[in-house]
$ cat model.tsv   # TSV, C-alpha atoms and all ligand atoms
chain	number	residue	atom	x	y	z
A	1	MET	CA	118.23	16.45	78.61
A	2	ARG	CA	117.93	16.90	82.35
A	3	PHE	CA	121.34	18.55	82.41
A	4	GLU	CA	120.35	21.06	79.74
A	5	ILE	CA	117.16	21.94	81.58
A	6	SER	CA	119.19	22.50	84.72
A	7	LYS	CA	121.35	24.97	82.85
A	8	VAL	CA	118.31	26.87	81.61
A	9	LEU	CA	116.91	26.98	85.15
A	10	ASP	CA	120.27	28.28	86.40
A	11	ALA	CA	120.13	31.02	83.78
A	12	ILE	CA	116.58	31.90	84.86
A	13	GLU	CA	117.75	31.96	88.49
A	14	GLY	CA	120.06	34.84	87.55
A	15	ARG	CA	116.96	36.80	86.48
A	16	VAL	CA	114.79	36.56	89.57
A	17	CYS	CA	115.38	39.06	92.35
A	18	ILE	CA	113.40	41.12	94.81
A	19	ASP	CA	115.90	43.97	95.00
A	20	PRO	CA	113.75	47.11	94.65
A	21	SER	CA	116.37	48.95	92.61
A	22	LEU	CA	117.02	46.13	90.13
A	23	ALA	CA	113.72	44.33	89.49
A	24	ARG	CA	111.99	45.55	86.32
A	25	ALA	CA	108.55	43.92	86.46
A	26	VAL	CA	106.42	41.91	88.88
A	27	VAL	CA	104.97	38.47	88.14
A	28	ASP	CA	102.93	35.86	89.96
A	29	LEU	CA	104.87	32.67	89.37
A	30	ALA	CA	101.83	30.42	89.84
A	31	GLU	CA	100.18	32.24	86.94
A	32	VAL	CA	103.20	32.33	84.61
A	33	ILE	CA	104.03	28.63	84.78
A	34	ARG	CA	100.50	27.73	83.59
A	35	TRP	CA	100.52	29.77	80.37
A	36	GLN	CA	100.42	26.55	78.41
A	37	ASP	CA	99.72	28.30	75.11
A	38	LEU	CA	103.21	29.84	75.17
A	39	ASP	CA	104.75	26.52	74.16
A	40	GLY	CA	101.97	23.95	74.02
A	41	GLY	CA	103.79	21.81	76.55
A	42	ARG	CA	103.04	20.47	80.02
A	43	PRO	CA	100.27	21.98	82.19
A	44	ALA	CA	102.93	23.75	84.26
A	45	SER	CA	106.51	24.58	83.36
A	46	LEU	CA	109.07	26.78	85.04
A	47	LEU	CA	110.66	27.41	81.64
A	48	ARG	CA	107.73	29.72	80.82
A	49	LEU	CA	109.18	32.17	83.31
A	50	GLY	CA	112.31	32.18	81.14
A	51	MET	CA	110.22	32.86	78.03
A	52	VAL	CA	108.52	35.81	79.72
A	53	ILE	CA	111.84	37.17	81.00
A	54	ASP	CA	113.20	36.97	77.44
A	55	ALA	CA	110.17	38.87	76.15
A	56	LEU	CA	110.73	41.58	78.77
A	57	SER	CA	114.41	41.74	77.85
A	58	ARG	CA	113.55	42.18	74.15
A	59	GLN	CA	111.03	44.90	74.96
A	60	VAL	CA	113.34	46.99	77.13
A	61	GLU	CA	116.31	46.18	74.88
A	62	GLU	CA	118.57	45.14	77.70
A	63	ASP	CA	120.30	41.95	78.78
A	64	SER	CA	120.01	40.47	82.26
A	65	VAL	CA	116.65	42.04	83.10
A	66	PRO	CA	115.38	40.63	86.43
A	67	VAL	CA	111.77	40.12	87.49
A	68	TYR	CA	110.24	40.22	90.96
A	69	ALA	CA	108.37	36.95	91.44
A	70	ILE	CA	105.60	36.39	93.98
A	71	VAL	CA	105.31	32.67	94.71
A	72	HIS	CA	102.27	31.02	96.27
A	73	ARG	CA	103.51	28.53	98.86
A	74	ALA	CA	101.41	25.76	97.25
A	75	LEU	CA	103.70	25.94	94.23
A	76	LEU	CA	106.55	24.37	96.20
A	77	SER	CA	104.60	21.12	96.18
A	78	ASP	CA	102.75	21.53	92.86
A	79	ALA	CA	102.63	18.08	91.27
A	80	ASP	CA	102.39	19.61	87.78
A	81	LEU	CA	105.99	20.80	88.10
A	82	THR	CA	108.85	18.33	87.81
A	83	SER	CA	110.63	17.43	91.04
A	84	ASN	CA	113.64	19.28	89.67
A	85	GLU	CA	111.58	22.43	89.10
A	86	ARG	CA	110.08	22.23	92.60
A	87	MET	CA	113.57	21.87	94.01
A	88	VAL	CA	114.74	24.94	92.09
A	89	VAL	CA	111.82	27.07	93.32
A	90	ARG	CA	112.53	25.95	96.90
A	91	ARG	CA	116.13	27.02	96.46
A	92	TRP	CA	115.01	30.43	95.19
A	93	ALA	CA	112.74	30.70	98.22
A	94	ASP	CA	115.52	29.74	100.66
A	95	ASP	CA	117.93	32.17	99.04
A	96	GLY	CA	115.40	35.00	99.19
A	97	LEU	CA	115.35	35.45	95.41
A	98	VAL	CA	111.55	35.27	95.36
A	99	GLU	CA	108.77	36.06	97.82
A	100	VAL	CA	106.99	32.92	99.00
A	101	LEU	CA	103.63	33.63	100.59
A	102	ASP	CA	100.84	31.54	102.11
A	103	HIS	CA	98.23	34.01	100.93
A	104	PRO	CA	99.60	36.26	98.20
A	105	GLY	CA	96.32	38.23	97.92
A	106	ASP	CA	97.09	41.33	95.91
A	107	ARG	CA	100.75	41.42	96.95
A	108	MET	CA	101.79	41.52	93.29
A	109	LEU	CA	99.89	44.80	92.87
A	110	GLU	CA	101.15	46.12	96.19
A	111	VAL	CA	104.77	45.54	95.10
A	112	ALA	CA	104.08	47.12	91.71
A	113	ASP	CA	102.48	50.08	93.49
A	114	LEU	CA	105.26	50.60	96.03
A	115	LEU	CA	108.06	50.20	93.49
A	116	GLY	CA	106.38	51.71	90.43
A	117	LEU	CA	106.96	48.55	88.39
A	118	PRO	CA	104.91	47.15	85.52
A	119	VAL	CA	102.94	43.93	86.11
A	120	LEU	CA	103.13	41.01	83.68
A	121	SER	CA	99.80	39.23	84.08
A	122	ARG	CA	96.74	38.10	82.19
A	123	ALA	CA	94.44	39.04	85.06
A	124	ARG	CA	92.05	41.99	84.58
A	125	PHE	CA	92.12	43.34	88.15
A	126	ASP	CA	88.55	44.60	87.80
A	127	GLY	CA	87.46	46.80	90.67
A	128	LEU	CA	91.00	47.48	91.92
A	129	GLY	CA	91.47	50.68	89.92
A	130	GLY	CA	90.36	52.80	92.86
A	131	ARG	CA	93.09	51.41	95.06
A	132	TYR	CA	95.72	51.26	92.31
A	133	PRO	CA	94.91	54.08	89.85
A	134	TRP	CA	97.94	53.30	87.68
A	135	LEU	CA	96.25	50.05	86.58
A	136	GLY	CA	94.67	52.06	83.78
A	137	GLN	CA	97.93	53.58	82.57
A	138	ALA	CA	99.57	52.42	79.36
A	139	GLY	CA	102.21	49.76	79.82
A	140	ARG	CA	101.62	49.17	83.54
A	141	VAL	CA	99.79	45.84	83.11
A	142	LEU	CA	100.83	43.71	80.18
A	143	ALA	CA	99.67	40.24	79.29
A	144	PRO	CA	102.30	37.96	77.74
A	145	VAL	CA	100.72	36.04	74.83
A	146	PRO	CA	102.24	33.75	72.20
A	147	GLY	CA	104.06	35.53	69.37
A	148	ALA	CA	106.15	34.48	66.41
A	149	GLY	CA	109.54	34.71	68.14
A	150	GLY	CA	108.33	33.97	71.68
A	151	PRO	CA	105.85	35.76	73.95
A	152	VAL	CA	104.78	39.31	73.12
A	153	PHE	CA	102.94	41.75	75.36
A	154	ILE	CA	99.43	43.08	74.94
A	155	ALA	CA	97.51	45.41	77.24
A	156	HIS	CA	93.96	44.77	78.41
A	157	VAL	CA	93.58	48.39	79.43
A	158	GLY	CA	95.54	51.56	78.85
A	159	GLY	CA	97.00	50.38	75.56
A	160	GLY	CA	100.66	50.00	74.72
A	161	HIS	CA	102.75	46.87	74.44
A	162	SER	CA	105.94	48.12	76.03
A	163	PRO	CA	106.34	47.82	79.79
A	164	ALA	CA	106.34	51.22	81.48
A	165	ALA	CA	107.81	51.87	84.89
A	166	GLY	CA	106.12	54.49	87.01
A	167	SER	CA	107.70	56.03	90.07
A	168	ARG	CA	107.65	54.62	93.56
A	169	SER	CA	104.51	55.57	95.43
A	170	PRO	CA	105.05	58.10	98.24
A	171	VAL	CA	104.44	55.29	100.76
A	172	GLY	CA	106.90	53.07	98.88
A	173	ALA	CA	109.55	55.78	98.96
A	174	LYS	CA	109.03	56.16	102.72
A	175	LEU	CA	109.21	52.42	103.40
A	176	LEU	CA	112.31	52.04	101.23
A	177	ALA	CA	114.14	54.76	103.12
A	178	ARG	CA	114.40	52.45	106.14
A	179	GLN	CA	115.81	48.98	106.84
A	180	TRP	CA	113.43	46.45	108.30
A	181	ARG	CA	113.87	43.45	110.51
A	182	CYS	CA	111.53	40.47	110.82
A	183	PRO	CA	111.31	38.88	114.29
A	184	GLU	CA	111.03	35.44	112.70
A	185	PRO	CA	114.45	33.70	112.88
A	186	GLY	CA	116.01	33.09	109.49
A	187	CYS	CA	113.53	35.23	107.57
A	188	ALA	CA	114.80	35.20	103.98
A	189	LEU	CA	113.19	38.56	103.21
A	190	PHE	CA	114.01	40.75	106.21
A	191	GLY	CA	117.13	39.32	107.83
A	192	GLY	CA	117.09	36.90	110.72
A	193	GLY	CA	117.73	36.96	114.37
A	194	GLY	CA	115.19	39.45	115.62
A	195	GLY	CA	117.75	42.07	116.63
A	196	GLY	CA	118.27	41.44	120.30
A	197	GLY	CA	119.04	38.89	122.98
A	198	ALA	CA	122.16	36.89	123.71
A	199	PHE	CA	122.74	35.96	120.10
A	200	ALA	CA	122.24	39.40	118.64
A	201	ASP	CA	125.79	39.38	117.32
A	202	LEU	CA	125.12	36.18	115.46
A	203	ALA	CA	122.00	37.57	113.83
A	204	ARG	CA	123.06	37.72	110.25
A	205	VAL	CA	121.35	39.89	107.70
A	206	ASP	CA	121.82	37.73	104.63
A	207	ARG	CA	120.52	40.33	102.30
A	208	ALA	CA	122.34	43.59	101.75
A	209	PRO	CA	120.07	46.09	103.54
A	210	ALA	CA	119.83	48.20	100.39
A	211	GLY	CA	118.39	45.19	98.57
A	212	GLN	CA	115.56	44.46	101.00
A	213	PRO	CA	112.15	44.07	99.37
A	214	PRO	CA	109.36	46.51	100.22
A	215	PRO	CA	107.45	45.57	103.39
A	216	ALA	CA	103.77	44.74	103.10
A	217	LEU	CA	101.41	47.23	104.69
A	218	ARG	CA	98.70	45.81	106.93
A	219	ASN	CA	96.51	48.58	108.30
A	220	GLY	CA	99.37	50.94	107.70
A	221	VAL	CA	101.86	48.83	109.67
A	222	PRO	CA	105.04	47.56	107.89
A	223	THR	CA	104.66	43.80	107.96
A	224	CYS	CA	106.66	40.81	106.74
A	225	PRO	CA	104.64	39.47	103.80
A	226	ARG	CA	105.97	35.98	104.49
A	227	HIS	CA	105.42	35.74	108.23
A	228	GLY	CA	102.72	38.33	108.85
A	229	ALA	CA	104.86	39.71	111.66
A	230	ARG	CA	105.26	43.38	112.40
A	231	LEU	CA	108.68	44.53	111.15
A	232	GLY	CA	111.11	46.40	113.34
A	233	ASP	CA	112.71	49.59	112.06
A	234	ALA	CA	116.46	48.91	111.85
A	235	GLY	CA	117.53	52.41	110.91
A	236	PRO	CA	118.01	54.27	107.67
A	237	ARG	CA	118.59	52.16	104.60
A	238	PRO	CA	121.99	52.83	103.01
A	239	ARG	CA	121.74	54.98	99.92
A	240	SER	CA	122.28	53.27	96.61
A	241	GLU	CA	122.78	54.21	93.01
A	242	VAL	CA	122.00	51.95	90.08
A	243	LEU	CA	124.78	51.71	87.50
A	244	ALA	CA	124.75	49.86	84.22
A	245	VAL	CA	127.31	48.50	81.82
A	246	ARG	CA	126.95	48.79	78.04
A	247	ILE	CA	129.07	46.63	75.81
A	248	GLY	CA	128.94	46.76	72.02
A	249	GLY	CA	125.91	49.05	72.09
A	250	LEU	CA	123.73	46.89	74.34
A	251	VAL	CA	123.11	47.41	78.04
A	252	ARG	CA	124.25	44.08	79.50
A	253	ARG	CA	123.34	44.42	83.15
A	254	ARG	CA	122.58	46.81	85.95
A	255	PHE	CA	124.08	46.70	89.40
A	256	ALA	CA	123.40	48.54	92.64
A	257	LEU	CA	126.22	50.51	94.23
A	258	THR	CA	125.63	51.15	97.92
A	259	GLU	CA	127.26	53.39	100.51
A	260	THR	CA	128.31	50.34	102.49
A	261	GLN	CA	130.57	48.66	99.96
A	262	PRO	CA	132.79	49.65	97.05
A	263	LEU	CA	132.30	47.63	93.90
A	264	LEU	CA	134.91	46.28	91.51
A	265	VAL	CA	134.18	45.91	87.82
A	266	GLY	CA	136.42	44.19	85.31
A	267	ARG	CA	137.11	41.09	83.28
A	268	ALA	CA	136.89	38.88	86.37
A	269	PRO	CA	137.22	40.63	89.77
A	270	ASP	CA	138.34	38.39	92.63
A	271	THR	CA	136.05	39.85	95.24
A	272	SER	CA	132.58	38.49	95.85
A	273	GLY	CA	129.96	40.83	94.48
A	274	GLY	CA	132.33	42.11	91.79
A	275	VAL	CA	130.84	42.72	88.35
A	276	VAL	CA	132.25	40.24	85.83
A	277	LEU	CA	132.34	41.46	82.22
A	278	GLY	CA	134.43	38.64	80.69
A	279	GLN	CA	131.57	36.79	79.04
A	280	TRP	CA	130.63	39.80	76.89
A	281	LEU	CA	134.14	40.79	75.74
A	282	ASN	CA	135.92	39.96	72.50
A	283	ASP	CA	139.56	38.83	72.55
A	284	GLU	CA	141.10	42.31	72.20
A	285	ALA	CA	138.89	43.78	74.90
A	286	ARG	CA	139.65	40.82	77.16
A	287	ARG	CA	143.38	41.41	76.75
A	288	TRP	CA	143.06	45.12	77.46
A	289	ILE	CA	140.66	45.06	80.39
A	290	SER	CA	142.15	44.07	83.76
A	291	ARG	CA	140.58	41.49	86.05
A	292	SER	CA	139.58	44.40	88.30
A	293	HIS	CA	139.59	47.43	86.06
A	294	VAL	CA	137.68	50.10	87.97
A	295	ARG	CA	136.35	50.55	91.50
A	296	PHE	CA	133.13	52.44	92.24
A	297	GLU	CA	132.26	54.01	95.57
A	298	LEU	CA	129.19	55.92	96.71
A	299	ARG	CA	130.13	58.68	99.14
A	300	VAL	CA	127.66	61.31	100.34
A	301	GLY	CA	125.59	60.72	97.26
A	302	GLU	CA	128.49	61.02	94.83
A	303	VAL	CA	129.70	58.21	92.60
A	304	ILE	CA	133.48	58.06	92.64
A	305	VAL	CA	135.35	55.96	90.12
A	306	THR	CA	138.97	54.88	90.62
A	307	ASP	CA	140.99	53.17	87.92
A	308	THR	CA	142.57	49.99	89.27
A	309	SER	CA	143.79	48.68	85.91
A	310	THR	CA	147.08	48.23	84.10
A	311	ASN	CA	146.04	50.12	80.98
A	312	GLY	CA	143.87	52.94	82.30
A	313	SER	CA	140.36	54.10	81.39
A	314	GLY	CA	138.61	57.13	80.00
A	315	ILE	CA	135.72	59.37	80.97
A	316	ARG	CA	133.06	60.35	78.44
A	317	PRO	CA	131.69	63.62	79.91
A	318	GLY	CA	127.91	63.73	79.56
A	319	GLY	CA	128.11	60.54	77.55
A	320	SER	CA	129.78	62.29	74.59
A	321	MET	CA	131.37	59.85	72.19
A	322	ALA	CA	133.36	62.59	70.40
A	323	GLU	CA	137.07	61.73	70.70
A	324	PRO	CA	138.29	65.25	71.67
A	325	ASP	CA	135.91	65.15	74.67
A	326	ARG	CA	137.39	61.97	76.12
A	327	ILE	CA	139.30	62.50	79.38
A	328	ALA	CA	141.96	59.96	80.26
A	329	LEU	CA	141.73	58.27	83.65
A	330	ALA	CA	145.20	56.96	84.44
A	331	PRO	CA	145.80	53.91	86.64
A	332	GLN	CA	145.08	54.76	90.32
A	333	GLN	CA	143.42	58.05	89.37
A	334	SER	CA	139.98	58.87	90.82
A	335	ARG	CA	137.16	61.08	89.62
A	336	VAL	CA	133.64	62.05	90.66
A	337	LEU	CA	131.22	60.82	88.06
A	338	ALA	CA	128.84	63.65	87.11
A	339	GLU	CA	125.28	62.89	85.96
A	340	GLY	CA	125.49	61.54	82.44
A	341	ASP	CA	129.24	60.83	82.58
A	342	LEU	CA	130.37	57.41	81.40
A	343	VAL	CA	133.51	55.50	82.28
A	344	GLU	CA	135.02	53.79	79.26
A	345	LEU	CA	137.13	50.73	80.00
A	346	TYR	CA	137.81	50.02	76.35
A	347	PRO	CA	136.17	51.30	73.14
A	348	GLY	CA	132.56	50.12	73.29
A	349	VAL	CA	132.69	49.13	76.98
A	350	GLN	CA	131.02	51.84	79.08
A	351	ILE	CA	129.65	52.15	82.61
A	352	GLY	CA	127.44	54.91	83.98
A	353	ARG	CA	124.24	55.63	85.87
A	354	ALA	CA	121.55	53.31	84.56
A	355	ASP	CA	119.30	56.19	83.47
A	356	ALA	CA	122.16	57.68	81.44
A	357	LEU	CA	122.71	54.49	79.46
A	358	THR	CA	120.48	53.13	76.74
A	359	SER	CA	121.09	50.48	74.18
A	360	ASP	CA	122.10	52.57	71.17
A	361	ALA	CA	121.33	50.09	68.45
A	362	LYS	CA	118.91	47.32	67.70
A	363	PHE	CA	120.43	44.18	69.20
A	364	THR	CA	118.83	41.00	70.36
A	365	PRO	CA	119.55	40.50	74.06
A	366	ASN	CA	120.86	37.11	75.15
A	367	SER	CA	118.16	34.57	75.85
A	368	VAL	CA	117.97	32.74	79.16
A	369	MET	CA	116.77	29.82	77.06
A	370	ALA	CA	119.99	29.86	75.01
A	371	GLU	CA	121.16	26.53	76.38
A	372	ALA	CA	118.16	24.87	74.82
A	373	PRO	CA	116.38	27.13	72.32
A	374	THR	CA	113.63	24.64	71.51
A	375	MET	CA	113.61	22.97	74.90
A	376	ALA	CA	110.09	24.02	75.78
A	377	MET	CA	108.77	22.24	72.70
A	378	ARG	CA	110.75	19.08	73.25
A	379	LEU	CA	109.95	18.44	76.87
A	380	PRO	CA	109.15	14.83	77.60
A	381	ARG	CA	105.60	14.19	78.71
A	382	PRO	CA	105.36	13.33	82.39
A	401	ZN	ZN	109.70	37.41	107.87

$ encode --input "model.tsv" --output "structure tokens" --more "lines below"
Ligand SMILES: [Zn+2]
Amino acid sequence: MRFEISKVLDAIEGRVCIDPSLARAVVDLAEVIRWQDLDGGRPASLLRLGMVIDALSRQVEEDSVPVYAIVHRALLSDADLTSNERMVVRRWADDGLVEVLDHPGDRMLEVADLLGLPVLSRARFDGLGGRYPWLGQAGRVLAPVPGAGGPVFIAHVGGGHSPAAGSRSPVGAKLLARQWRCPEPGCALFGGGGGGGAFADLARVDRAPAGQPPPALRNGVPTCPRHGARLGDAGPRPRSEVLAVRIGGLVRRRFALTETQPLLVGRAPDTSGGVVLGQWLNDEARRWISRSHVRFELRVGEVIVTDTSTNGSGIRPGGSMAEPDRIALAPQQSRVLAEGDLVELYPGVQIGRADALTSDAKFTPNSVMAEAPTMAMRLPRP
């Protein structure tokens, strides 16, 4: 039992991130874990985060949809969680997958505001509409409630049941154009080291700069939400472009391509950070697609694709699936990917800009709870 729960928590871990270009909704973890009516189980359960992530995934009809979780520090020692769950949340905190804060305040709304993300919460946020006008817009605040096949979303205000992303606020866009550095050593959110002194060379930015979360604003000053320290400006943030892969009609995951590093995509690329498609491929596709099939680079704002495979690829100009439109991309050949263009590794396996790819049929995305579909119901009482 414990082993199965660990596997579910591992799957959930793959769906929490504070990368501004990948997160799709913001949650307050302390709130989510106490939605006891979702499964009728223990007072607090980390598995409820998985249920909410699944609901989000079903709504946006994509696999691997990550959420941005704000975590109150008290949660790390919350006795209502199992010791295993507390350990997992601490690991997420150490790895910078979530934001752990002593006083979260309205940080969840601030993040949603800066990034233009929907909020998954049952709170009403009365009186905050002046500061965050989008609170009244359809789909921007959705409350997960029990439904027949897992949680469903309802709106307290603004109507709608489908999460709607807005655009980054002007302040958010400005903050996210720069890299930030926290003076606190080992800061999991904004690099470590403090950027100076004898050990400056050893100061390691664990997080890819393009994936840094949005700073908090205190009296207009960019501040580390974890440490309350004023952040240093560490130069322009590398540009990035969000790509997505669609397999068998369903968008399986998004990934951020940055100016700083090319990205390999294939059955099982050797390099760290490569995008692994193997788990979604059938036998024929697995035989055809090379371990590293294509390489993407972002250069002066242009996405360049290079075939690195044995069998070659194809380009679908403007996303056209008509056979005469398909352009062959031979091994070692490169091409600039125009807006709307898709790279086809194999029939039904396509990669392009995330906004150019939608799931083209009604599929059920994979559940993070797949290892234990009825686990939440069967949990042993503490
Ligand atoms: Zn910090």

$ residues_near_ligand --input "model.tsv" --ligand "ligand ZN 401 (chain A)" --cutoff "10 Å" --atoms "only C-alpha atoms and all ligand atoms" --output "PyMOL selection string"
chain A and resi 180-192+194+215+223-231

$ closest_atom_pairs --input "model.tsv" --of "stretch 177-276 of chain A" --to "stretch 293-299 of chain A" --cutoff "7 Å" --atoms "all atoms listed in the file" --output "Markdown table"
| residue | atom | partner | partner_atom | distance |
| --- | --- | --- | --- | --- |
| A:Leu257 | CA | A:Leu298 | CA | 6.7 |
| A:Thr258 | CA | A:Leu298 | CA | 6.1 |
| A:Glu259 | CA | A:Leu298 | CA | 5.0 |
| A:Pro262 | CA | A:Glu297 | CA | 4.6 |
| A:Leu263 | CA | A:Phe296 | CA | 5.2 |
| A:Leu264 | CA | A:Arg295 | CA | 4.5 |
| A:Val265 | CA | A:Val294 | CA | 5.5 |
| A:Gly266 | CA | A:His293 | CA | 4.6 |

$ residues_around --input "model.tsv" --residues "A:Leu109" --least-positions-apart "6" --cutoff "10 Å" --atoms "all atoms listed in the file" --output "list in words"
Val26, Val27, Asp28, Leu115, Gly116, Leu117, Pro118, Val119, Phe125, Leu128, Arg131, Tyr132, Leu135 and Val141 of chain A

$ residues_near_point --input "model.tsv" --point "(117.7, 39.3, 73.5)" --cutoff "12 Å" --atoms "all atoms listed in the file" --output "VMD selection string"
chain A and resid 50 to 65 149 to 150 250 to 252 359 362 to 370

$ residues_around --input "model.tsv" --residues "A:Gly139" --least-positions-apart "6" --cutoff "9 Å" --atoms "only C-alpha atoms" --output "CSV table (one decimal) with C-alpha atoms, keeping the file's coordinate frame"
chain,number,residue,atom,x,y,z
A,118,PRO,CA,104.9,47.2,85.5
A,119,VAL,CA,102.9,43.9,86.1
A,154,ILE,CA,99.4,43.1,74.9
A,155,ALA,CA,97.5,45.4,77.2
A,157,VAL,CA,93.6,48.4,79.4
A,158,GLY,CA,95.5,51.6,78.8
A,159,GLY,CA,97.0,50.4,75.6
A,160,GLY,CA,100.7,50.0,74.7
A,161,HIS,CA,102.8,46.9,74.4
A,162,SER,CA,105.9,48.1,76.0
A,163,PRO,CA,106.3,47.8,79.8
A,164,ALA,CA,106.3,51.2,81.5
A,165,ALA,CA,107.8,51.9,84.9

$ atom_distance --input "model.tsv" --atom1 "atom CA of A:Pro144" --atom2 "atom CA of A:Met87"
25.5 Å

$ closest_residue --input "model.tsv" --among "A:Pro317, A:Glu99, A:Leu243, A:Val276" --to "A:Asp355" --atoms "only C-alpha atoms"
A:Leu243

$ closest_residue --input "model.tsv" --among "A:Leu281, A:Ala11, A:Ile33, A:Leu175" --to "A:Leu217" --atoms "only C-alpha atoms"
A:Leu175

$ residues_around --input "model.tsv" --residues "A:Gly278" --least-positions-apart "5" --cutoff "8 Å" --atoms "only C-alpha atoms" --output "ChimeraX atom specification"
/A:266-268,286

$ atom_distance --input "model.tsv" --atom1 "atom CA of A:Ile304" --atom2 "atom CA of A:Gly274"
16.0 Å

$ atom_distance --input "model.tsv" --atom1 "atom CA of A:Ser309" --atom2 "atom CA of A:Leu329"
10.1 Å

$ closest_residue --input "model.tsv" --among "A:Ser240, A:Ser313, A:Gln279, A:Gln137" --to "A:Val343" --atoms "only C-alpha atoms"
A:Ser313

$ residues_around --input "model.tsv" --residues "A:Ile247" --least-positions-apart "2" --cutoff "6 Å" --atoms "only C-alpha atoms" --output "mmCIF file with C-alpha atoms, in the coordinates of the input"
data_model
loop_
_atom_site.group_PDB
_atom_site.id
_atom_site.type_symbol
_atom_site.label_atom_id
_atom_site.label_comp_id
_atom_site.auth_asym_id
_atom_site.auth_seq_id
_atom_site.Cartn_x
_atom_site.Cartn_y
_atom_site.Cartn_z
ATOM 1 C CA GLY A 249 125.910 49.050 72.090
ATOM 2 C CA LEU A 250 123.730 46.890 74.340
ATOM 3 C CA GLY A 348 132.560 50.120 73.290
ATOM 4 C CA VAL A 349 132.690 49.130 76.980
#

$ residues_around --input "model.tsv" --residues "A:Tyr68" --least-positions-apart "2" --cutoff "12 Å" --atoms "only C-alpha atoms" --output "count of residues only"
41

$ build_atoms --input "model.tsv" --residues "stretch 21-36 of chain A" --atoms "N, CA and C atoms" --output "tab-separated table (two decimals), in the coordinates of the input"
chain	number	residue	atom	x	y	z
A	21	SER	N	115.74	48.07	93.61
A	21	SER	CA	116.37	48.95	92.61
A	21	SER	C	116.73	48.21	91.33
A	22	LEU	N	116.62	46.88	91.33
A	22	LEU	CA	117.02	46.13	90.13
A	22	LEU	C	115.86	45.46	89.40
A	23	ALA	N	114.83	45.02	90.14
A	23	ALA	CA	113.72	44.33	89.49
A	23	ALA	C	113.02	45.26	88.50
A	24	ARG	N	112.55	44.70	87.38
A	24	ARG	CA	111.99	45.55	86.32
A	24	ARG	C	110.52	45.29	86.04
A	25	ALA	N	109.97	44.22	86.61
A	25	ALA	CA	108.55	43.92	86.46
A	25	ALA	C	108.18	42.93	87.55
A	26	VAL	N	106.88	42.85	87.85
A	26	VAL	CA	106.42	41.91	88.88
A	26	VAL	C	105.58	40.83	88.22
A	27	VAL	N	105.78	39.58	88.65
A	27	VAL	CA	104.97	38.47	88.14
A	27	VAL	C	104.49	37.61	89.30
A	28	ASP	N	103.41	36.87	89.04
A	28	ASP	CA	102.93	35.86	89.96
A	28	ASP	C	103.35	34.52	89.36
A	29	LEU	N	104.29	33.86	89.99
A	29	LEU	CA	104.87	32.67	89.37
A	29	LEU	C	103.83	31.58	89.10
A	30	ALA	N	102.85	31.45	90.02
A	30	ALA	CA	101.83	30.42	89.84
A	30	ALA	C	101.04	30.66	88.55
A	31	GLU	N	100.90	31.92	88.17
A	31	GLU	CA	100.18	32.24	86.94
A	31	GLU	C	101.06	31.95	85.71
A	32	VAL	N	102.30	32.43	85.77
A	32	VAL	CA	103.20	32.33	84.61
A	32	VAL	C	103.43	30.87	84.19
A	33	ILE	N	103.67	30.00	85.15
A	33	ILE	CA	104.03	28.63	84.78
A	33	ILE	C	102.89	27.88	84.10
A	34	ARG	N	101.65	28.41	84.20
A	34	ARG	CA	100.50	27.73	83.59
A	34	ARG	C	100.06	28.33	82.25
A	35	TRP	N	100.86	29.23	81.69
A	35	TRP	CA	100.52	29.77	80.37
A	35	TRP	C	100.93	28.76	79.30
A	36	GLN	N	100.13	27.70	79.24
A	36	GLN	CA	100.42	26.55	78.41
A	36	GLN	C	100.50	26.91	76.92
